[in-house]
>>> print(open('coords26.pdb').read())   # PDB, C-alpha atoms, pLDDT in the B column
ATOM      1  CA  MET A   7      -9.241  70.185 228.464  1.00 74.00           C
ATOM      2  CA  LEU A   8     -12.143  71.258 230.664  1.00 83.00           C
ATOM      3  CA  ALA A   9     -11.377  72.163 234.267  1.00 85.00           C
ATOM      4  CA  GLU A  10     -13.701  69.449 235.597  1.00 80.00           C
ATOM      5  CA  ARG A  11     -11.840  66.784 233.618  1.00 83.00           C
ATOM      6  CA  ARG A  12      -8.470  68.100 234.842  1.00 87.00           C
ATOM      7  CA  HIS A  13      -9.712  67.940 238.425  1.00 86.00           C
ATOM      8  CA  GLN A  14     -10.749  64.303 237.977  1.00 80.00           C
ATOM      9  CA  LEU A  15      -7.353  63.388 236.542  1.00 85.00           C
ATOM     10  CA  ILE A  16      -5.472  65.220 239.295  1.00 87.00           C
ATOM     11  CA  LEU A  17      -7.412  63.407 242.020  1.00 80.00           C
ATOM     12  CA  ARG A  18      -6.901  60.074 240.282  1.00 78.00           C
ATOM     13  CA  ALA A  19      -3.143  60.686 240.039  1.00 80.00           C
ATOM     14  CA  LEU A  20      -2.929  61.546 243.742  1.00 79.00           C
ATOM     15  CA  ARG A  21      -5.003  58.555 244.820  1.00 69.00           C
ATOM     16  CA  SER A  22      -3.034  56.076 242.747  1.00 66.00           C
ATOM     17  CA  GLY A  23       0.471  57.373 243.246  1.00 63.00           C
ATOM     18  CA  GLY A  24       0.583  59.434 246.415  1.00 61.00           C
ATOM     19  CA  PRO A  25       1.970  62.994 246.479  1.00 63.00           C
ATOM     20  CA  ALA A  26       2.383  64.683 243.094  1.00 80.00           C
ATOM     21  CA  ALA A  27       4.498  67.649 242.070  1.00 88.00           C
ATOM     22  CA  VAL A  28       3.075  70.556 240.084  1.00 91.00           C
ATOM     23  CA  ALA A  29       5.637  69.962 237.330  1.00 90.00           C
ATOM     24  CA  ASP A  30       4.624  66.308 236.970  1.00 88.00           C
ATOM     25  CA  LEU A  31       0.926  67.138 236.862  1.00 91.00           C
ATOM     26  CA  SER A  32       1.583  69.885 234.326  1.00 91.00           C
ATOM     27  CA  GLU A  33       3.346  67.413 232.034  1.00 89.00           C
ATOM     28  CA  GLN A  34       0.693  64.704 232.455  1.00 88.00           C
ATOM     29  CA  LEU A  35      -2.190  67.059 231.723  1.00 91.00           C
ATOM     30  CA  GLY A  36      -0.488  69.101 229.019  1.00 91.00           C
ATOM     31  CA  VAL A  37      -1.227  72.421 230.698  1.00 93.00           C
ATOM     32  CA  SER A  38       0.846  75.122 232.322  1.00 94.00           C
ATOM     33  CA  ALA A  39       2.095  74.971 235.891  1.00 93.00           C
ATOM     34  CA  ALA A  40       0.002  78.069 236.639  1.00 94.00           C
ATOM     35  CA  THR A  41      -3.143  76.223 235.543  1.00 94.00           C
ATOM     36  CA  VAL A  42      -2.271  73.264 237.744  1.00 92.00           C
ATOM     37  CA  ARG A  43      -1.719  75.578 240.730  1.00 92.00           C
ATOM     38  CA  ARG A  44      -5.148  77.140 240.188  1.00 92.00           C
ATOM     39  CA  ASP A  45      -6.699  73.677 239.963  1.00 90.00           C
ATOM     40  CA  LEU A  46      -4.987  72.583 243.180  1.00 91.00           C
ATOM     41  CA  LEU A  47      -6.197  75.719 244.952  1.00 88.00           C
ATOM     42  CA  LYS A  48      -9.769  75.032 243.835  1.00 85.00           C
ATOM     43  CA  LEU A  49      -9.608  71.387 244.919  1.00 79.00           C
ATOM     44  CA  GLU A  50      -8.140  72.379 248.273  1.00 74.00           C
ATOM     45  CA  GLU A  51     -10.991  74.855 248.801  1.00 72.00           C
ATOM     46  CA  GLU A  52     -13.403  71.971 248.165  1.00 62.00           C
ATOM     47  CA  GLY A  53     -11.615  69.865 250.774  1.00 57.00           C
ATOM     48  CA  LEU A  54     -10.465  67.220 248.277  1.00 64.00           C
ATOM     49  CA  LEU A  55      -6.697  67.552 248.753  1.00 70.00           C
ATOM     50  CA  SER A  56      -3.992  69.391 250.666  1.00 75.00           C
ATOM     51  CA  ARG A  57      -1.397  71.529 248.938  1.00 81.00           C
ATOM     52  CA  VAL A  58       2.201  70.985 249.987  1.00 79.00           C
ATOM     53  CA  HIS A  59       5.430  72.606 248.860  1.00 81.00           C
ATOM     54  CA  GLY A  60       5.686  72.068 245.115  1.00 84.00           C
ATOM     55  CA  GLY A  61       2.556  69.966 244.750  1.00 85.00           C
ATOM     56  CA  ALA A  62      -0.362  68.311 246.538  1.00 85.00           C
ATOM     57  CA  VAL A  63      -1.364  65.221 248.456  1.00 76.00           C
ATOM     58  CA  ILE A  64      -4.531  63.428 249.518  1.00 65.00           C
ATOM     59  CA  GLU A  65      -4.115  62.517 253.168  1.00 52.00           C
ATOM     60  CA  GLU A  66      -7.525  61.214 254.085  1.00 47.00           C
ATOM     61  CA  GLY A  67     -10.828  60.011 252.710  1.00 49.00           C
ATOM     62  CA  ASP A  68     -11.782  56.771 251.001  1.00 51.00           C
ATOM     63  CA  GLN A  69     -10.637  55.808 247.548  1.00 54.00           C
ATOM     64  CA  PRO A  70     -13.616  54.341 245.660  1.00 53.00           C
ATOM     65  CA  PHE A  71     -12.991  50.657 244.969  1.00 57.00           C
ATOM     66  CA  ALA A  72     -14.039  50.842 241.323  1.00 54.00           C
ATOM     67  CA  GLU A  73     -11.500  53.611 240.665  1.00 55.00           C
ATOM     68  CA  VAL A  74      -8.575  52.024 242.485  1.00 60.00           C
ATOM     69  CA  ALA A  75      -9.283  48.594 240.977  1.00 55.00           C
ATOM     70  CA  GLU A  76      -8.095  49.840 237.575  1.00 57.00           C
ATOM     71  CA  VAL A  77      -4.753  51.183 238.823  1.00 63.00           C
ATOM     72  CA  ARG A  78      -1.498  49.167 238.494  1.00 71.00           C
ATOM     73  CA  VAL A  79      -3.371  45.922 237.814  1.00 79.00           C
ATOM     74  CA  THR A  80      -0.348  44.097 236.345  1.00 86.00           C
ATOM     75  CA  GLU A  81       1.800  44.949 239.357  1.00 90.00           C
ATOM     76  CA  LYS A  82      -0.928  43.879 241.779  1.00 92.00           C
ATOM     77  CA  ASP A  83      -1.310  40.568 239.934  1.00 94.00           C
ATOM     78  CA  GLU A  84       2.433  39.913 240.208  1.00 96.00           C
ATOM     79  CA  ILE A  85       2.333  40.613 243.949  1.00 97.00           C
ATOM     80  CA  ALA A  86      -0.772  38.440 244.372  1.00 97.00           C
ATOM     81  CA  ALA A  87       0.736  35.526 242.443  1.00 97.00           C
ATOM     82  CA  ARG A  88       3.844  35.550 244.638  1.00 98.00           C
ATOM     83  CA  ALA A  89       1.776  35.826 247.816  1.00 98.00           C
ATOM     84  CA  ALA A  90      -0.374  32.858 246.776  1.00 98.00           C
ATOM     85  CA  THR A  91       2.691  30.586 246.705  1.00 98.00           C
ATOM     86  CA  MET A  92       3.131  31.086 250.458  1.00 98.00           C
ATOM     87  CA  ILE A  93      -0.185  29.414 251.242  1.00 98.00           C
ATOM     88  CA  GLU A  94      -0.446  25.645 251.688  1.00 97.00           C
ATOM     89  CA  ASN A  95      -3.618  23.677 251.106  1.00 96.00           C
ATOM     90  CA  CYS A  96      -5.951  23.356 254.104  1.00 97.00           C
ATOM     91  CA  GLN A  97      -4.621  26.503 255.728  1.00 98.00           C
ATOM     92  CA  SER A  98      -6.767  29.416 256.885  1.00 98.00           C
ATOM     93  CA  VAL A  99      -6.276  32.805 255.260  1.00 98.00           C
ATOM     94  CA  LEU A 100      -7.490  36.271 256.268  1.00 98.00           C
ATOM     95  CA  LEU A 101      -7.861  38.667 253.346  1.00 98.00           C
ATOM     96  CA  ASP A 102      -7.998  42.375 254.095  1.00 96.00           C
ATOM     97  CA  ILE A 103     -10.046  44.919 252.178  1.00 92.00           C
ATOM     98  CA  GLY A 104      -8.693  46.525 249.031  1.00 87.00           C
ATOM     99  CA  THR A 105      -7.870  45.705 245.457  1.00 90.00           C
ATOM    100  CA  THR A 106      -4.621  43.759 245.915  1.00 93.00           C
ATOM    101  CA  ALA A 107      -6.359  41.345 248.307  1.00 95.00           C
ATOM    102  CA  TYR A 108      -9.013  40.911 245.634  1.00 94.00           C
ATOM    103  CA  ARG A 109      -6.321  40.088 243.057  1.00 95.00           C
ATOM    104  CA  LEU A 110      -4.955  37.515 245.521  1.00 97.00           C
ATOM    105  CA  ALA A 111      -8.408  35.942 245.890  1.00 97.00           C
ATOM    106  CA  ARG A 112      -8.438  35.383 242.117  1.00 96.00           C
ATOM    107  CA  GLN A 113      -5.283  33.286 242.541  1.00 97.00           C
ATOM    108  CA  LEU A 114      -6.909  30.948 245.070  1.00 98.00           C
ATOM    109  CA  HIS A 115      -9.467  29.190 242.886  1.00 97.00           C
ATOM    110  CA  GLY A 116      -9.208  25.410 243.005  1.00 96.00           C
ATOM    111  CA  ARG A 117      -7.390  25.387 246.342  1.00 96.00           C
ATOM    112  CA  ARG A 118      -8.646  23.703 249.517  1.00 97.00           C
ATOM    113  CA  LEU A 119      -8.559  26.600 251.952  1.00 98.00           C
ATOM    114  CA  THR A 120     -10.525  28.526 254.532  1.00 98.00           C
ATOM    115  CA  VAL A 121     -10.761  32.189 253.531  1.00 98.00           C
ATOM    116  CA  ILE A 122     -11.958  34.773 256.059  1.00 98.00           C
ATOM    117  CA  THR A 123     -12.635  38.291 254.839  1.00 98.00           C
ATOM    118  CA  SER A 124     -14.427  41.605 255.299  1.00 96.00           C
ATOM    119  CA  ASN A 125     -13.871  42.324 251.604  1.00 95.00           C
ATOM    120  CA  LEU A 126     -17.162  42.031 249.719  1.00 95.00           C
ATOM    121  CA  VAL A 127     -15.420  41.716 246.349  1.00 94.00           C
ATOM    122  CA  VAL A 128     -13.360  38.788 247.673  1.00 96.00           C
ATOM    123  CA  TYR A 129     -16.591  37.181 248.858  1.00 96.00           C
ATOM    124  CA  GLU A 130     -18.177  37.628 245.428  1.00 95.00           C
ATOM    125  CA  GLU A 131     -15.075  36.221 243.720  1.00 96.00           C
ATOM    126  CA  LEU A 132     -14.943  33.046 245.816  1.00 97.00           C
ATOM    127  CA  ALA A 133     -18.633  32.453 246.616  1.00 96.00           C
ATOM    128  CA  ASP A 134     -19.090  29.775 243.947  1.00 96.00           C
ATOM    129  CA  ASP A 135     -15.787  27.964 244.602  1.00 97.00           C
ATOM    130  CA  HIS A 136     -16.932  24.986 246.679  1.00 95.00           C
ATOM    131  CA  GLY A 137     -13.398  23.900 247.510  1.00 95.00           C
ATOM    132  CA  ILE A 138     -12.986  27.018 249.630  1.00 97.00           C
ATOM    133  CA  GLU A 139     -14.603  27.332 253.046  1.00 98.00           C
ATOM    134  CA  LEU A 140     -15.625  30.978 252.975  1.00 98.00           C
ATOM    135  CA  VAL A 141     -16.213  33.050 256.111  1.00 98.00           C
ATOM    136  CA  LEU A 142     -17.675  36.538 255.634  1.00 97.00           C
ATOM    137  CA  LEU A 143     -17.226  38.776 258.662  1.00 97.00           C
ATOM    138  CA  GLY A 144     -20.186  40.828 259.848  1.00 94.00           C
ATOM    139  CA  GLY A 145     -20.302  44.589 260.170  1.00 93.00           C
ATOM    140  CA  MET A 146     -21.521  47.836 258.682  1.00 91.00           C
ATOM    141  CA  VAL A 147     -21.330  47.942 254.889  1.00 89.00           C
ATOM    142  CA  ARG A 148     -19.063  50.616 253.408  1.00 85.00           C
ATOM    143  CA  ARG A 149     -20.576  50.628 249.940  1.00 80.00           C
ATOM    144  CA  GLY A 150     -17.993  52.773 248.169  1.00 77.00           C
ATOM    145  CA  TYR A 151     -15.104  50.655 249.366  1.00 81.00           C
ATOM    146  CA  ARG A 152     -16.947  47.300 249.183  1.00 87.00           C
ATOM    147  CA  SER A 153     -16.051  46.340 252.737  1.00 91.00           C
ATOM    148  CA  LEU A 154     -17.455  45.622 256.195  1.00 93.00           C
ATOM    149  CA  ALA A 155     -16.236  47.472 259.276  1.00 91.00           C
ATOM    150  CA  GLY A 156     -17.144  48.445 262.807  1.00 91.00           C
ATOM    151  CA  PHE A 157     -17.411  46.762 266.202  1.00 91.00           C
ATOM    152  CA  LEU A 158     -19.294  43.741 264.800  1.00 94.00           C
ATOM    153  CA  THR A 159     -16.382  42.995 262.468  1.00 95.00           C
ATOM    154  CA  GLU A 160     -13.907  43.359 265.328  1.00 95.00           C
ATOM    155  CA  ASP A 161     -15.999  41.061 267.574  1.00 96.00           C
ATOM    156  CA  ASN A 162     -16.100  38.405 264.859  1.00 97.00           C
ATOM    157  CA  LEU A 163     -12.322  38.512 264.503  1.00 97.00           C
ATOM    158  CA  ARG A 164     -11.809  37.957 268.223  1.00 96.00           C
ATOM    159  CA  GLN A 165     -13.493  34.586 267.798  1.00 97.00           C
ATOM    160  CA  LEU A 166     -11.354  33.454 264.870  1.00 97.00           C
ATOM    161  CA  HIS A 167      -7.791  32.393 264.091  1.00 97.00           C
ATOM    162  CA  ALA A 168      -5.927  32.347 260.764  1.00 98.00           C
ATOM    163  CA  ASP A 169      -2.602  30.958 259.616  1.00 98.00           C
ATOM    164  CA  TRP A 170      -2.048  33.949 257.329  1.00 98.00           C
ATOM    165  CA  LEU A 171      -3.183  37.542 257.066  1.00 98.00           C
ATOM    166  CA  PHE A 172      -2.638  39.347 253.785  1.00 98.00           C
ATOM    167  CA  LEU A 173      -2.837  42.995 254.731  1.00 98.00           C
ATOM    168  CA  GLY A 174      -3.369  46.026 252.512  1.00 94.00           C
ATOM    169  CA  THR A 175      -2.209  49.572 253.150  1.00 93.00           C
ATOM    170  CA  SER A 176      -2.543  53.129 251.927  1.00 88.00           C
ATOM    171  CA  GLY A 177       1.091  53.923 252.648  1.00 89.00           C
ATOM    172  CA  VAL A 178       4.348  52.746 254.209  1.00 92.00           C
ATOM    173  CA  ARG A 179       6.282  55.515 255.909  1.00 89.00           C
ATOM    174  CA  PRO A 180      10.112  55.608 255.788  1.00 87.00           C
ATOM    175  CA  GLY A 181      10.213  54.370 259.393  1.00 88.00           C
ATOM    176  CA  GLY A 182       8.205  51.302 258.398  1.00 92.00           C
ATOM    177  CA  GLN A 183       4.914  52.517 259.878  1.00 93.00           C
ATOM    178  CA  ILE A 184       1.863  51.085 258.090  1.00 95.00           C
ATOM    179  CA  MET A 185      -0.797  53.721 257.421  1.00 91.00           C
ATOM    180  CA  ASP A 186      -4.397  53.917 256.242  1.00 88.00           C
ATOM    181  CA  THR A 187      -6.575  56.719 254.929  1.00 81.00           C
ATOM    182  CA  ALA A 188      -9.760  55.429 256.602  1.00 79.00           C
ATOM    183  CA  VAL A 189      -9.802  55.663 260.395  1.00 76.00           C
ATOM    184  CA  VAL A 190     -12.780  53.293 260.580  1.00 81.00           C
ATOM    185  CA  GLU A 191     -10.727  50.466 259.038  1.00 88.00           C
ATOM    186  CA  VAL A 192      -7.806  50.697 261.465  1.00 90.00           C
ATOM    187  CA  PRO A 193      -9.380  48.761 264.392  1.00 93.00           C
ATOM    188  CA  VAL A 194     -10.427  46.019 261.968  1.00 95.00           C
ATOM    189  CA  LYS A 195      -6.912  45.725 260.566  1.00 96.00           C
ATOM    190  CA  ARG A 196      -5.471  45.578 264.080  1.00 96.00           C
ATOM    191  CA  ALA A 197      -7.954  42.846 265.011  1.00 97.00           C
ATOM    192  CA  MET A 198      -6.915  40.914 261.902  1.00 98.00           C
ATOM    193  CA  ILE A 199      -3.268  41.149 262.932  1.00 98.00           C
ATOM    194  CA  ALA A 200      -4.108  39.858 266.431  1.00 98.00           C
ATOM    195  CA  ALA A 201      -6.033  36.921 264.933  1.00 98.00           C
ATOM    196  CA  SER A 202      -3.219  35.725 262.643  1.00 98.00           C
ATOM    197  CA  ASP A 203      -0.014  33.726 263.000  1.00 98.00           C
ATOM    198  CA  LYS A 204       1.754  35.347 260.052  1.00 98.00           C
ATOM    199  CA  VAL A 205       1.185  38.848 258.651  1.00 98.00           C
ATOM    200  CA  VAL A 206       2.071  39.597 255.027  1.00 98.00           C
ATOM    201  CA  LEU A 207       1.836  43.163 253.754  1.00 97.00           C
ATOM    202  CA  LEU A 208       0.912  43.520 250.079  1.00 97.00           C
ATOM    203  CA  ALA A 209       2.244  46.871 248.860  1.00 94.00           C
ATOM    204  CA  ASP A 210       2.867  48.017 245.303  1.00 90.00           C
ATOM    205  CA  ALA A 211       5.290  50.800 244.421  1.00 87.00           C
ATOM    206  CA  GLY A 212       2.659  53.495 244.868  1.00 83.00           C
ATOM    207  CA  LYS A 213       2.424  52.708 248.590  1.00 88.00           C
ATOM    208  CA  PHE A 214       5.979  53.941 249.318  1.00 86.00           C
ATOM    209  CA  PRO A 215       5.287  56.389 250.928  1.00 83.00           C
ATOM    210  CA  GLY A 216       1.697  56.486 249.674  1.00 80.00           C
ATOM    211  CA  THR A 217      -0.895  58.255 251.809  1.00 77.00           C
ATOM    212  CA  GLY A 218      -2.672  57.853 255.119  1.00 78.00           C
ATOM    213  CA  MET A 219      -3.200  59.719 258.374  1.00 75.00           C
ATOM    214  CA  ALA A 220      -4.022  56.757 260.638  1.00 81.00           C
ATOM    215  CA  ARG A 221      -1.349  54.354 261.929  1.00 89.00           C
ATOM    216  CA  VAL A 222      -2.248  50.670 261.641  1.00 94.00           C
ATOM    217  CA  CYS A 223       0.919  49.099 263.038  1.00 96.00           C
ATOM    218  CA  GLY A 224       4.694  49.243 263.104  1.00 95.00           C
ATOM    219  CA  PRO A 225       7.085  47.035 261.134  1.00 96.00           C
ATOM    220  CA  GLU A 226       7.599  44.759 264.145  1.00 96.00           C
ATOM    221  CA  GLU A 227       4.087  43.383 263.621  1.00 97.00           C
ATOM    222  CA  LEU A 228       4.847  42.245 260.061  1.00 98.00           C
ATOM    223  CA  ASP A 229       6.497  39.013 258.966  1.00 98.00           C
ATOM    224  CA  VAL A 230       6.753  39.593 255.207  1.00 97.00           C
ATOM    225  CA  VAL A 231       6.342  42.474 252.759  1.00 96.00           C
ATOM    226  CA  VAL A 232       5.612  41.553 249.141  1.00 96.00           C
ATOM    227  CA  THR A 233       6.249  44.446 246.775  1.00 94.00           C
ATOM    228  CA  ASN A 234       7.146  45.173 243.164  1.00 90.00           C
ATOM    229  CA  ALA A 235       9.669  47.916 243.896  1.00 80.00           C
ATOM    230  CA  PRO A 236      12.608  48.459 246.228  1.00 69.00           C
ATOM    231  CA  SER A 237      11.877  50.744 249.141  1.00 68.00           C
ATOM    232  CA  ASP A 238      13.952  53.766 250.049  1.00 74.00           C
ATOM    233  CA  PRO A 239      16.973  53.086 252.301  1.00 81.00           C
ATOM    234  CA  ALA A 240      15.227  54.317 255.462  1.00 83.00           C
ATOM    235  CA  THR A 241      12.267  51.991 254.910  1.00 89.00           C
ATOM    236  CA  CYS A 242      14.513  49.044 254.070  1.00 85.00           C
ATOM    237  CA  ALA A 243      16.548  49.636 257.220  1.00 87.00           C
ATOM    238  CA  ALA A 244      13.439  49.871 259.406  1.00 91.00           C
ATOM    239  CA  LEU A 245      11.998  46.644 257.985  1.00 91.00           C
ATOM    240  CA  GLU A 246      15.332  44.816 258.270  1.00 89.00           C
ATOM    241  CA  GLU A 247      15.813  45.948 261.861  1.00 93.00           C
ATOM    242  CA  ALA A 248      12.325  44.617 262.691  1.00 95.00           C
ATOM    243  CA  GLY A 249      13.152  41.227 261.156  1.00 96.00           C
ATOM    244  CA  VAL A 250      10.734  41.603 258.235  1.00 96.00           C
ATOM    245  CA  GLU A 251      11.393  39.581 255.079  1.00 95.00           C
ATOM    246  CA  VAL A 252      11.037  41.765 251.974  1.00 93.00           C
ATOM    247  CA  VAL A 253      10.046  39.832 248.827  1.00 94.00           C
ATOM    248  CA  GLN A 254      10.412  41.747 245.580  1.00 91.00           C
ATOM    249  CA  VAL A 255       8.579  40.496 242.497  1.00 91.00           C
TER     250      VAL A 255
END
>>> encode(input="coords26.pdb", output="structure tokens")
Amino acid sequence: MLAERRHQLILRALRSGGPAAVADLSEQLGVSAATVRRDLLKLEEEGLLSRVHGGAVIEEGDQPFAEVAEVRVTEKDEIAARAATMIENCQSVLLDIGTTAYRLARQLHGRRLTVITSNLVVYEELADDHGIELVLLGGMVRRGYRSLAGFLTEDNLRQLHADWLFLGTSGVRPGGQIMDTAVVEVPVKRAMIAASDKVVLLADAGKFPGTGMARVCGPEELDVVVTNAPSDPATCAALEEAGVEVVQV
């Protein structure tokens, strides 16, 4: 396998599943641990990852939407289907950026709802569904991540109210802290939380602990977590102590 192809696969593994050990990458790629270590060193020199003891991690930078959209699709659909059952007709729903929110939007066709979003893919999915009142927030376009962000987005949210927010994340730390890789998205997520009655975190197994350098909120600001995998004991304890309902699908 060519080095360039290995580098692509390493970055994809880190973006989809969080930190990765050298031994795991060696097995996945079918190359020696020494080769993986050389690849990680090269990628670190290019600023694409950080090496940690026994492996590597991506702690910042955007994950291109098109790449992430193909990861763990079945799991995301299961989470989205369960989340959709929480919503009653005629309610207002805020959908965050990201691929799981997009999978949730696909579950909402035929419903009578108001959907508010900064997610351009959600907008495209629901634009022709005339039963849904669709509100697209303003802001600067982040083309790679198919989203809108910035002070215009935050100002729009201060003028709105939603019954539900379905929030995405890059990672959930053992203490229950909700993280994101993109600093620019954090103020928007916080404004979404402030604009909503109920906050539901959508987090597949890869988000425990996942990645992220920027703190979005603590567990006390969540009402529900919908996930496809049990969290580690520390995370479960932190969520339980904060009164968060954990729904496993």
>>> axis_aligned_box(input="coords26.pdb", around="range 128-132 of chain A", padding_each_side="3 Å", output="AutoDock Vina command-line options")
--center_x -15.8 --center_y 35.9 --center_z 246.3 --size_x 10.8 --size_y 11.7 --size_z 11.1
>>> atom_distance(input="coords26.pdb", atom1="CA of Ala155 in chain A", atom2="CA of Leu228 in chain A")
21.7 Å
>>> closest_atom_pairs(input="coords26.pdb", of="range 56-161 of chain A", to="range 183-201 of chain A", cutoff="12 Å", atoms="all atoms listed in the file", output="tab-separated table")
residue	atom	partner	partner_atom	distance
A:Val63	CA	A:Thr187	CA	11.9
A:Ile64	CA	A:Thr187	CA	8.9
A:Glu65	CA	A:Thr187	CA	6.5
A:Glu66	CA	A:Thr187	CA	4.7
A:Gly67	CA	A:Thr187	CA	5.8
A:Asp68	CA	A:Ala188	CA	6.1
A:Gln69	CA	A:Thr187	CA	8.5
A:Pro70	CA	A:Ala188	CA	11.7
A:Ser98	CA	A:Ala201	CA	11.0
A:Val99	CA	A:Met198	CA	10.5
A:Leu100	CA	A:Met198	CA	7.3
A:Leu101	CA	A:Met198	CA	8.9
A:Asp102	CA	A:Lys195	CA	7.4
A:Ile103	CA	A:Glu191	CA	8.8
A:Gly104	CA	A:Glu191	CA	10.9
A:Ile122	CA	A:Met198	CA	9.9
A:Thr123	CA	A:Met198	CA	9.5
A:Ser124	CA	A:Val194	CA	8.9
A:Asn125	CA	A:Glu191	CA	11.5
A:Leu143	CA	A:Val194	CA	10.5
A:Gly144	CA	A:Val194	CA	11.3
A:Gly145	CA	A:Val194	CA	10.1
A:Met146	CA	A:Val190	CA	10.5
A:Val147	CA	A:Val190	CA	11.6
A:Arg148	CA	A:Val190	CA	9.9
A:Tyr151	CA	A:Ala188	CA	10.2
A:Ser153	CA	A:Glu191	CA	9.2
A:Leu154	CA	A:Glu191	CA	8.8
A:Ala155	CA	A:Glu191	CA	6.3
A:Gly156	CA	A:Val190	CA	6.9
A:Phe157	CA	A:Val194	CA	8.2
A:Leu158	CA	A:Val194	CA	9.6
A:Thr159	CA	A:Val194	CA	6.7
A:Glu160	CA	A:Val194	CA	5.5
A:Asp161	CA	A:Ala197	CA	8.6
>>> atom_distance(input="coords26.pdb", atom1="CA of Cys242 in chain A", atom2="CA of Asp210 in chain A")
14.6 Å
>>> closest_residue(input="coords26.pdb", among="A:Leu31, A:Val121, A:Ala87, A:Met219", to="Ala133 in chain A", atoms="only C-alpha atoms")
A:Val121
>>> closest_residue(input="coords26.pdb", among="A:Leu49, A:Val42, A:Ile85, A:Ala29", to="Val255 in chain A", atoms="all atoms listed in the file")
A:Ile85
>>> resolve_selection(input="coords26.pdb", expression="the PyMOL selection byres ((chain A and resi 15) around 12)", output="tab-separated table (two decimals) with C-alpha atoms, in the coordinates of the input")
chain	number	residue	atom	x	y	z
A	7	MET	CA	-9.24	70.18	228.46
A	8	LEU	CA	-12.14	71.26	230.66
A	9	ALA	CA	-11.38	72.16	234.27
A	10	GLU	CA	-13.70	69.45	235.60
A	11	ARG	CA	-11.84	66.78	233.62
A	12	ARG	CA	-8.47	68.10	234.84
A	13	HIS	CA	-9.71	67.94	238.42
A	14	GLN	CA	-10.75	64.30	237.98
A	16	ILE	CA	-5.47	65.22	239.30
A	17	LEU	CA	-7.41	63.41	242.02
A	18	ARG	CA	-6.90	60.07	240.28
A	19	ALA	CA	-3.14	60.69	240.04
A	20	LEU	CA	-2.93	61.55	243.74
A	21	ARG	CA	-5.00	58.56	244.82
A	22	SER	CA	-3.03	56.08	242.75
A	23	GLY	CA	0.47	57.37	243.25
A	26	ALA	CA	2.38	64.68	243.09
A	31	LEU	CA	0.93	67.14	236.86
A	32	SER	CA	1.58	69.89	234.33
A	34	GLN	CA	0.69	64.70	232.46
A	35	LEU	CA	-2.19	67.06	231.72
A	36	GLY	CA	-0.49	69.10	229.02
A	42	VAL	CA	-2.27	73.26	237.74
A	45	ASP	CA	-6.70	73.68	239.96
A	46	LEU	CA	-4.99	72.58	243.18
A	49	LEU	CA	-9.61	71.39	244.92
A	73	GLU	CA	-11.50	53.61	240.66
>>> atom_distance(input="coords26.pdb", atom1="CA of Val250 in chain A", atom2="CA of Asp83 in chain A")
21.9 Å
>>> resolve_selection(input="coords26.pdb", expression="the PyMOL selection byres ((chain A and resi 225) around 12)", output="JSON, numbers by chain")
{"A": [178, 179, 180, 181, 182, 183, 184, 185, 205, 206, 207, 221, 222, 223, 224, 226, 227, 228, 229, 230, 231, 241, 242, 243, 244, 245, 246, 247, 248, 249, 250, 251, 252]}
>>> closest_residue(input="coords26.pdb", among="A:Leu166, A:Ile138, A:Leu208, A:Leu132", to="Arg117 in chain A", atoms="only C-alpha atoms")
A:Ile138
>>> residues_around(input="coords26.pdb", residues="range 175-177 of chain A", least_positions_apart="5", cutoff="6 Å", atoms="only C-alpha atoms", output="VMD selection string")
chain A and resid 185 to 186 213 to 218
>>> write_last_selection(input="coords26.pdb", atoms="C-alpha atoms", output="short mmCIF file (atom, residue, chain, number, x, y, z; two decimals), keeping the file's coordinate frame")
data_model
loop_
_atom_site.label_atom_id
_atom_site.label_comp_id
_atom_site.auth_asym_id
_atom_site.auth_seq_id
_atom_site.Cartn_x
_atom_site.Cartn_y
_atom_site.Cartn_z
CA MET A 185 -0.80 53.72 257.42
CA ASP A 186 -4.40 53.92 256.24
CA LYS A 213 2.42 52.71 248.59
CA PHE A 214 5.98 53.94 249.32
CA PRO A 215 5.29 56.39 250.93
CA GLY A 216 1.70 56.49 249.67
CA THR A 217 -0.90 58.26 251.81
CA GLY A 218 -2.67 57.85 255.12
#
>>> closest_residue(input="coords26.pdb", among="A:Glu139, A:Glu94, A:Glu50, A:Glu130", to="Tyr108 in chain A", atoms="only C-alpha atoms")
A:Glu130
>>> closest_residue(input="coords26.pdb", among="A:Ala40, A:Val28, A:Leu173, A:Val79", to="Ala62 in chain A", atoms="only C-alpha atoms")
A:Val28
>>> residues_around(input="coords26.pdb", residues="Asn234 in chain A", least_positions_apart="3", cutoff="9 Å", atoms="only C-alpha atoms", output="VMD selection string")
chain A and resid 81 to 82 84 to 85 209 to 211 253 to 255
>>> closest_residue(input="coords26.pdb", among="A:Thr105, A:Leu126, A:Gln165, A:Gln113", to="Arg88 in chain A", atoms="only C-alpha atoms")
A:Gln113
